[in-house]
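S.K.: Dropping a structure here in structure tokens format, bear with me for questions.
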Amino acid sequence: MPAKLNLKNYPLSLYVHWPFCLAKCPYCDFNSHVAETIDTAAWKWALLTELDFRARQVAEVFSVDHRNIELKSLFFGGGTPSLMPPQITADIIDCAAGLFKIADNIEITAEMNPTSVETEKLSAFAHAGINRVSVGIQSLDETGLKFLGREHDTKEALSAIAAAKKHFPSVSADLIYGLPEQTTANWTEQLNSLLSFELGHISCYQLTIETGTIFHTRARQGHVLTADNDAIAHLYVVTEEVLGKAGLHAYEVSNYAKLGQASAHNVNYWKAGDWLAIGPGAHGRITTANGRFHMANRKSPDGWLSNVTKKGHGCETQVIETMYQSFDEYWMMGLRLCEGRPMTPPPAFGGSDFVLHQDWLNIFIQEGWLEINNGTVRTTLQGRLRLNTILSRLLDVPENELRAEMS
Ligand SMILES: C[S@@+](CC[C@H](N)C(=O)[O-])C[C@H]1O[C@@H](n2cnc3c(N)ncnc32)[C@H](O)[C@@H]1O
Ligand code: SF4
């Protein structure tokens, strides 16, 4: 049994998953589905019902009135939440405001796809209370968009960003790099084109071939679907240079922001904060007196909806993680942040009971991939390029597993 802890770790974030998309992109392994019809009334009811359930649950765990818990961020993710009827987002925000104390500076983000239909709905989303959008541009190159199987063209992408800027105080855009044969010139041109909008936040993701996707099948058939590793590493370095010069500094492996414009919601995940999550496949965490409470919902949209209808929630698993699991997640998430994480995690994440592999730590410091300052471990740019390797070595400490078994 984990030691009893005395933690009150609010404030809290809330994630809302909308699993539907116009089409399934060939590279995407998110919990996203194309549905012929969506019973929006049933979905609205189910999301509100689960939100109510989660608020009561967290209040019970912390032994406080949920109206005293402060909500500091809310994130509509997907799938494609910009396909939601804006009234449902308004109802969820209103419901959250009735259940929790809303932070004065609450960040309410929605992911949006840049098709013209969705751009037309932006004013209604702003009216609903959303104050930040993350626009899934993916590419500002026609060939790139076709390769990625996107539903929009570059003209729509550019109009969507311009419209988003008009309606929201905070706008971010996602790009994917590392497409086959992508040149530095092509990538720099895309970055500069995006920079002309003077956004405060940009996410640049390396194209990853995820198991179970169409790209995965095609890759197994011998198609080349990404640039080679050296080219990808170079594009990553170029990204930091080009965005850095424009004042958007890397604060996470794939995220760049002007001062004060990092995504509060995502930073909360990376810093192992607490969050509730509603919708199919969504998962949340709360730090309780007995360790980290891990909640995971049923993944299938129909299955989730039917569970909520029968039981008032779509939860599939609810467990207190072992401290070793929490320690693992602390580093897997935390080392993604450029500022790094304290070497000794808080008690709920193992405190000093578990350790990183000291020999590998020394090697990575010598290589210039990691730095330790004032008890904080952080990656360098060269380290972020190799984060998966670094994490797999640092966390591979057999004694940790032994200690976890004995505790
Ligand atoms: C939840 S997803 C998609 C949000 C939205 N539906 C869209 O398509 O723009 C969030 C982001 O993950 C990134 N992403 C998804 N799959 C990826 C992959 N296989 N490789 C790299 N980036 C990926 C995309 O940039 C995407 O905007
Ligand atoms: S990338 Fe976005 S639009 Fe495409 S399938 Fe995934 S969630 Fe849907």
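In the structure tokens, the first chain shown is A, the next is B, and so on; residue numbers restart at 1 for each chain, and ligands run from 1 in the order shown.
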Which residues are near ligand 2 - at most 8 Å, using only C-alpha atoms and all ligand atoms? Format: as an MDAnalysis selection string.

M.R.: chainID A and resid 19:33 78:80 113 136 150

S.K.: Please dump the current selection as a short mmCIF file (atom, residue, chain, number, x, y, z; two decimals), in the first residue's frame; keep N, CA and C atoms.

M.R.:
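New file part26.cif:
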data_model
loop_
_atom_site.label_atom_id
_atom_site.label_comp_id
_atom_site.auth_asym_id
_atom_site.auth_seq_id
_atom_site.Cartn_x
_atom_site.Cartn_y
_atom_site.Cartn_z
N PRO A 19 -15.52 12.76 -30.32
CA PRO A 19 -14.76 11.77 -31.11
C PRO A 19 -15.03 11.77 -32.61
N PHE A 20 -15.81 12.73 -33.11
CA PHE A 20 -16.23 12.62 -34.52
C PHE A 20 -15.41 13.53 -35.45
N CYS A 21 -15.23 13.04 -36.67
CA CYS A 21 -14.49 13.79 -37.70
C CYS A 21 -15.22 13.66 -39.03
N LEU A 22 -14.92 14.58 -39.95
CA LEU A 22 -15.51 14.50 -41.29
C LEU A 22 -14.95 13.30 -42.05
N ALA A 23 -13.66 13.05 -41.86
CA ALA A 23 -12.99 11.91 -42.52
C ALA A 23 -11.85 11.47 -41.62
N LYS A 24 -11.43 10.22 -41.77
CA LYS A 24 -10.32 9.75 -40.93
C LYS A 24 -9.01 9.99 -41.69
N CYS A 25 -8.13 10.78 -41.11
CA CYS A 25 -6.84 11.06 -41.77
C CYS A 25 -5.96 9.81 -41.69
N PRO A 26 -5.19 9.55 -42.75
CA PRO A 26 -4.48 8.27 -42.84
C PRO A 26 -3.35 8.08 -41.82
N TYR A 27 -2.94 9.18 -41.15
CA TYR A 27 -1.83 9.10 -40.19
C TYR A 27 -2.33 9.08 -38.75
N CYS A 28 -3.65 9.24 -38.54
CA CYS A 28 -4.17 9.56 -37.21
C CYS A 28 -4.58 8.33 -36.40
N ASP A 29 -4.08 8.22 -35.18
CA ASP A 29 -4.53 7.11 -34.31
C ASP A 29 -5.27 7.64 -33.08
N PHE A 30 -5.74 8.87 -33.17
CA PHE A 30 -6.57 9.38 -32.06
C PHE A 30 -7.92 8.66 -32.06
N ASN A 31 -8.64 8.78 -30.96
CA ASN A 31 -9.95 8.14 -30.86
C ASN A 31 -10.94 8.98 -31.65
N SER A 32 -10.88 8.84 -32.98
CA SER A 32 -11.69 9.69 -33.86
C SER A 32 -12.40 8.81 -34.89
N HIS A 33 -13.65 9.16 -35.15
CA HIS A 33 -14.51 8.29 -35.97
C HIS A 33 -15.36 9.11 -36.92
N GLY A 78 -10.25 16.25 -29.67
CA GLY A 78 -10.94 15.25 -30.49
C GLY A 78 -10.02 14.27 -31.15
N GLY A 79 -10.61 13.67 -32.21
CA GLY A 79 -11.74 14.10 -32.98
C GLY A 79 -11.68 15.57 -33.42
N THR A 80 -12.83 16.04 -33.79
CA THR A 80 -12.94 17.41 -34.29
C THR A 80 -14.02 18.17 -33.52
N ASN A 113 -10.68 22.34 -36.97
CA ASN A 113 -10.15 22.02 -38.30
C ASN A 113 -10.50 23.18 -39.22
N GLY A 136 -5.88 23.12 -36.66
CA GLY A 136 -5.12 21.99 -37.24
C GLY A 136 -4.75 22.24 -38.70
N ARG A 150 -5.88 15.64 -46.00
CA ARG A 150 -6.70 16.60 -45.30
C ARG A 150 -7.90 17.05 -46.12
#

S.K.: Could you pull out the alpha helix (DSSP H) residues of segment 40-117 of chain A from DSSP and send them as an NGL selection string?

M.R.: :A and (40-62 or 86-99 or 116-117)

S.K.: Write a file of the just-selected residues containing C-alpha atoms, as a PDB file, in the first residue's frame.

M.R.:
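Written out: out04.pdb:
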ATOM      1  CA  THR A  40     -26.443  15.469 -30.697  1.00  0.00           C
ATOM      2  CA  ALA A  41     -29.123  15.684 -28.007  1.00  0.00           C
ATOM      3  CA  ALA A  42     -28.021  12.323 -26.591  1.00  0.00           C
ATOM      4  CA  TRP A  43     -24.355  13.361 -26.729  1.00  0.00           C
ATOM      5  CA  LYS A  44     -25.044  16.648 -24.986  1.00  0.00           C
ATOM      6  CA  TRP A  45     -26.995  14.883 -22.245  1.00  0.00           C
ATOM      7  CA  ALA A  46     -24.278  12.251 -21.800  1.00  0.00           C
ATOM      8  CA  LEU A  47     -21.395  14.750 -21.602  1.00  0.00           C
ATOM      9  CA  LEU A  48     -23.274  16.882 -19.051  1.00  0.00           C
ATOM     10  CA  THR A  49     -24.250  13.801 -17.056  1.00  0.00           C
ATOM     11  CA  GLU A  50     -20.676  12.558 -16.897  1.00  0.00           C
ATOM     12  CA  LEU A  51     -19.408  16.022 -15.959  1.00  0.00           C
ATOM     13  CA  ASP A  52     -21.804  16.105 -13.024  1.00  0.00           C
ATOM     14  CA  PHE A  53     -20.666  12.604 -11.976  1.00  0.00           C
ATOM     15  CA  ARG A  54     -16.978  13.568 -12.101  1.00  0.00           C
ATOM     16  CA  ALA A  55     -17.538  16.782 -10.109  1.00  0.00           C
ATOM     17  CA  ARG A  56     -19.253  14.816  -7.340  1.00  0.00           C
ATOM     18  CA  GLN A  57     -16.544  12.178  -7.434  1.00  0.00           C
ATOM     19  CA  VAL A  58     -13.652  14.633  -7.086  1.00  0.00           C
ATOM     20  CA  ALA A  59     -15.502  16.463  -4.288  1.00  0.00           C
ATOM     21  CA  GLU A  60     -15.850  13.174  -2.418  1.00  0.00           C
ATOM     22  CA  VAL A  61     -12.198  12.287  -2.892  1.00  0.00           C
ATOM     23  CA  PHE A  62     -11.020  15.675  -1.592  1.00  0.00           C
ATOM     24  CA  PRO A  86     -21.533  25.497 -30.503  1.00  0.00           C
ATOM     25  CA  GLN A  87     -24.545  25.359 -28.152  1.00  0.00           C
ATOM     26  CA  ILE A  88     -23.202  22.095 -26.680  1.00  0.00           C
ATOM     27  CA  THR A  89     -19.859  23.748 -25.895  1.00  0.00           C
ATOM     28  CA  ALA A  90     -21.788  26.648 -24.302  1.00  0.00           C
ATOM     29  CA  ASP A  91     -23.858  24.211 -22.214  1.00  0.00           C
ATOM     30  CA  ILE A  92     -20.756  22.340 -21.045  1.00  0.00           C
ATOM     31  CA  ILE A  93     -19.009  25.593 -20.084  1.00  0.00           C
ATOM     32  CA  ASP A  94     -22.133  26.783 -18.226  1.00  0.00           C
ATOM     33  CA  CYS A  95     -22.475  23.451 -16.465  1.00  0.00           C
ATOM     34  CA  ALA A  96     -18.783  23.545 -15.426  1.00  0.00           C
ATOM     35  CA  ALA A  97     -19.286  27.098 -14.140  1.00  0.00           C
ATOM     36  CA  GLY A  98     -22.182  25.870 -11.985  1.00  0.00           C
ATOM     37  CA  LEU A  99     -20.198  22.940 -10.597  1.00  0.00           C
ATOM     38  CA  SER A 116     -14.814  26.717 -44.330  1.00  0.00           C
ATOM     39  CA  VAL A 117     -17.872  25.241 -42.582  1.00  0.00           C
TER      40      VAL A 117
END

S.K.: Skipping near chain neighbours, those fewer than 5 positions away, what residues fall within 6 Å of segment 222-226 of chain A using only C-alpha atoms, listed as a list of chain:residue names?

M.R.: A:Gly178, A:Leu179, A:Pro180

S.K.: Tell me which of A:Ala162, A:Ala157, A:Ile202, A:Leu14 sits closest to His249 of chain A, counting only C-alpha atoms.

M.R.: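 Nearest candidate to His249 of chain A out of A:Ala162, A:Ala157, A:Ile202, A:Leu14: A:Ile202.
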
S.K.: Which polymer residues have any atom within 7 Å of an atom of Gly281 of chain A, counting only C-alpha atoms, with same-chain residues fewer than 4 positions away left out, as a PDB file with N, CA and C atoms, in the first residue's frame?

M.R.:
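Contents of result09.pdb, as written:
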ATOM      1  N   ASN A  31      -8.642   8.784 -30.958  1.00  0.00           N
ATOM      2  CA  ASN A  31      -9.945   8.135 -30.858  1.00  0.00           C
ATOM      3  C   ASN A  31     -10.944   8.977 -31.645  1.00  0.00           C
ATOM      4  N   ALA A 296     -10.140   6.061 -16.511  1.00  0.00           N
ATOM      5  CA  ALA A 296     -10.117   5.935 -17.978  1.00  0.00           C
ATOM      6  C   ALA A 296     -11.495   5.518 -18.470  1.00  0.00           C
ATOM      7  N   ASN A 297     -11.988   6.218 -19.470  1.00  0.00           N
ATOM      8  CA  ASN A 297     -13.326   5.955 -20.000  1.00  0.00           C
ATOM      9  C   ASN A 297     -13.302   4.914 -21.114  1.00  0.00           C
ATOM     10  N   ARG A 298     -14.459   4.319 -21.343  1.00  0.00           N
ATOM     11  CA  ARG A 298     -14.616   3.387 -22.476  1.00  0.00           C
ATOM     12  C   ARG A 298     -14.286   4.097 -23.768  1.00  0.00           C
ATOM     13  N   LYS A 299     -13.573   3.403 -24.637  1.00  0.00           N
ATOM     14  CA  LYS A 299     -13.060   4.079 -25.829  1.00  0.00           C
ATOM     15  C   LYS A 299     -14.113   4.220 -26.934  1.00  0.00           C
TER      16      LYS A 299
END

S.K.: If you run DSSP on this backbone, which residues of segment 53-280 of chain A come out as strand (DSSP E or B), and could you give them as a count of residues only?

M.R.: 54

S.K.: Which residues come within 8 Å of Leu71 of chain A, counting only C-alpha atoms, excluding same-chain residues fewer than 2 positions away, as a list in words?

M.R.: Pro11, Leu12, Ser13, Leu14, Ile69, Ser73, Leu74, Phe100, Lys101, Ile102, Ala103 and Ile106 of chain A

S.K.: Could you take the residues named above and write them with C-alpha atoms, as a tab-separated table (two decimals), in the first residue's frame?

M.R.:
chain	number	residue	atom	x	y	z
A	11	PRO	CA	-6.90	23.66	-8.93
A	12	LEU	CA	-8.11	21.42	-11.64
A	13	SER	CA	-8.37	21.14	-15.44
A	14	LEU	CA	-11.15	19.55	-17.48
A	69	ILE	CA	-12.56	23.66	-6.43
A	73	SER	CA	-8.51	25.26	-17.83
A	74	LEU	CA	-10.97	23.48	-20.05
A	100	PHE	CA	-16.81	24.58	-9.98
A	101	LYS	CA	-15.30	27.93	-9.12
A	102	ILE	CA	-14.03	29.35	-12.41
A	103	ALA	CA	-10.54	30.89	-12.33
A	106	ILE	CA	-9.48	30.38	-17.15

S.K.: Would you please work out which residue, of A:Asn268, A:Asn186, A:Ser123, A:Ser203, is nearest to Ser254 of chain A when using only C-alpha atoms?

M.R.: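 Checking each of A:Asn268, A:Asn186, A:Ser123, A:Ser203 against Ser254 of chain A, counting only C-alpha atoms, the winner is A:Ser203.
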
S.K.: Quick one, how far is atom CA of Ile286 of chain A from atom CA of Met323 of chain A?

M.R.: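 For atom CA of Ile286 of chain A relative to atom CA of Met323 of chain A, the distance reads 13.3 Å.
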
S.K.: Using only C-alpha atoms, can you tell me which of A:Arg336, A:His234, A:His17, A:His294 comes closest to Tyr177 of chain A?

M.R.: A:His234

S.K.: Which distance in Å separates atom CA of Met343 of chain A and atom CA of Cys204 of chain A, to one decimal?

M.R.: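 Answer for the atom CA of Met343 of chain A to atom CA of Cys204 of chain A separation: 27.7 Å.
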
S.K.: Go through A:Glu321, A:Glu151, A:Glu316, A:Asp328 and flag the residue nearest ligand 1, using only C-alpha atoms and all ligand atoms for the distances.

M.R.: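 Counting only C-alpha atoms and all ligand atoms, the residue closest to ligand 1 is A:Glu151.
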
S.K.: For His265 of chain A, please output as JSON, numbers by chain all residues within 12 Å (counting only C-alpha atoms; exclusion window: fewer than 2 positions along the same chain).

M.R.: {"A": [11, 12, 13, 14, 15, 16, 71, 72, 73, 74, 75, 76, 77, 106, 107, 108, 109, 110, 132, 261, 262, 263, 267, 268, 269, 270, 271, 272, 273, 274, 275, 276]}

S.K.: So which residues touch Glu339 of chain A within 12 Å, counting only C-alpha atoms, skipping near sequence neighbours fewer than 2 positions away, as a list in words?

M.R.: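 That gives His249, Ala250, Tyr251, Glu252, Val253, Val267, Trp270, Lys271, Gly334, Leu335, Arg336, Leu337, Arg341, Pro342, Leu370, Glu371, Ile372, Asn373, Asn374, Gly375, Thr376, Val377, Arg378, Thr379, Thr380, Leu381 and Arg384 of chain A.
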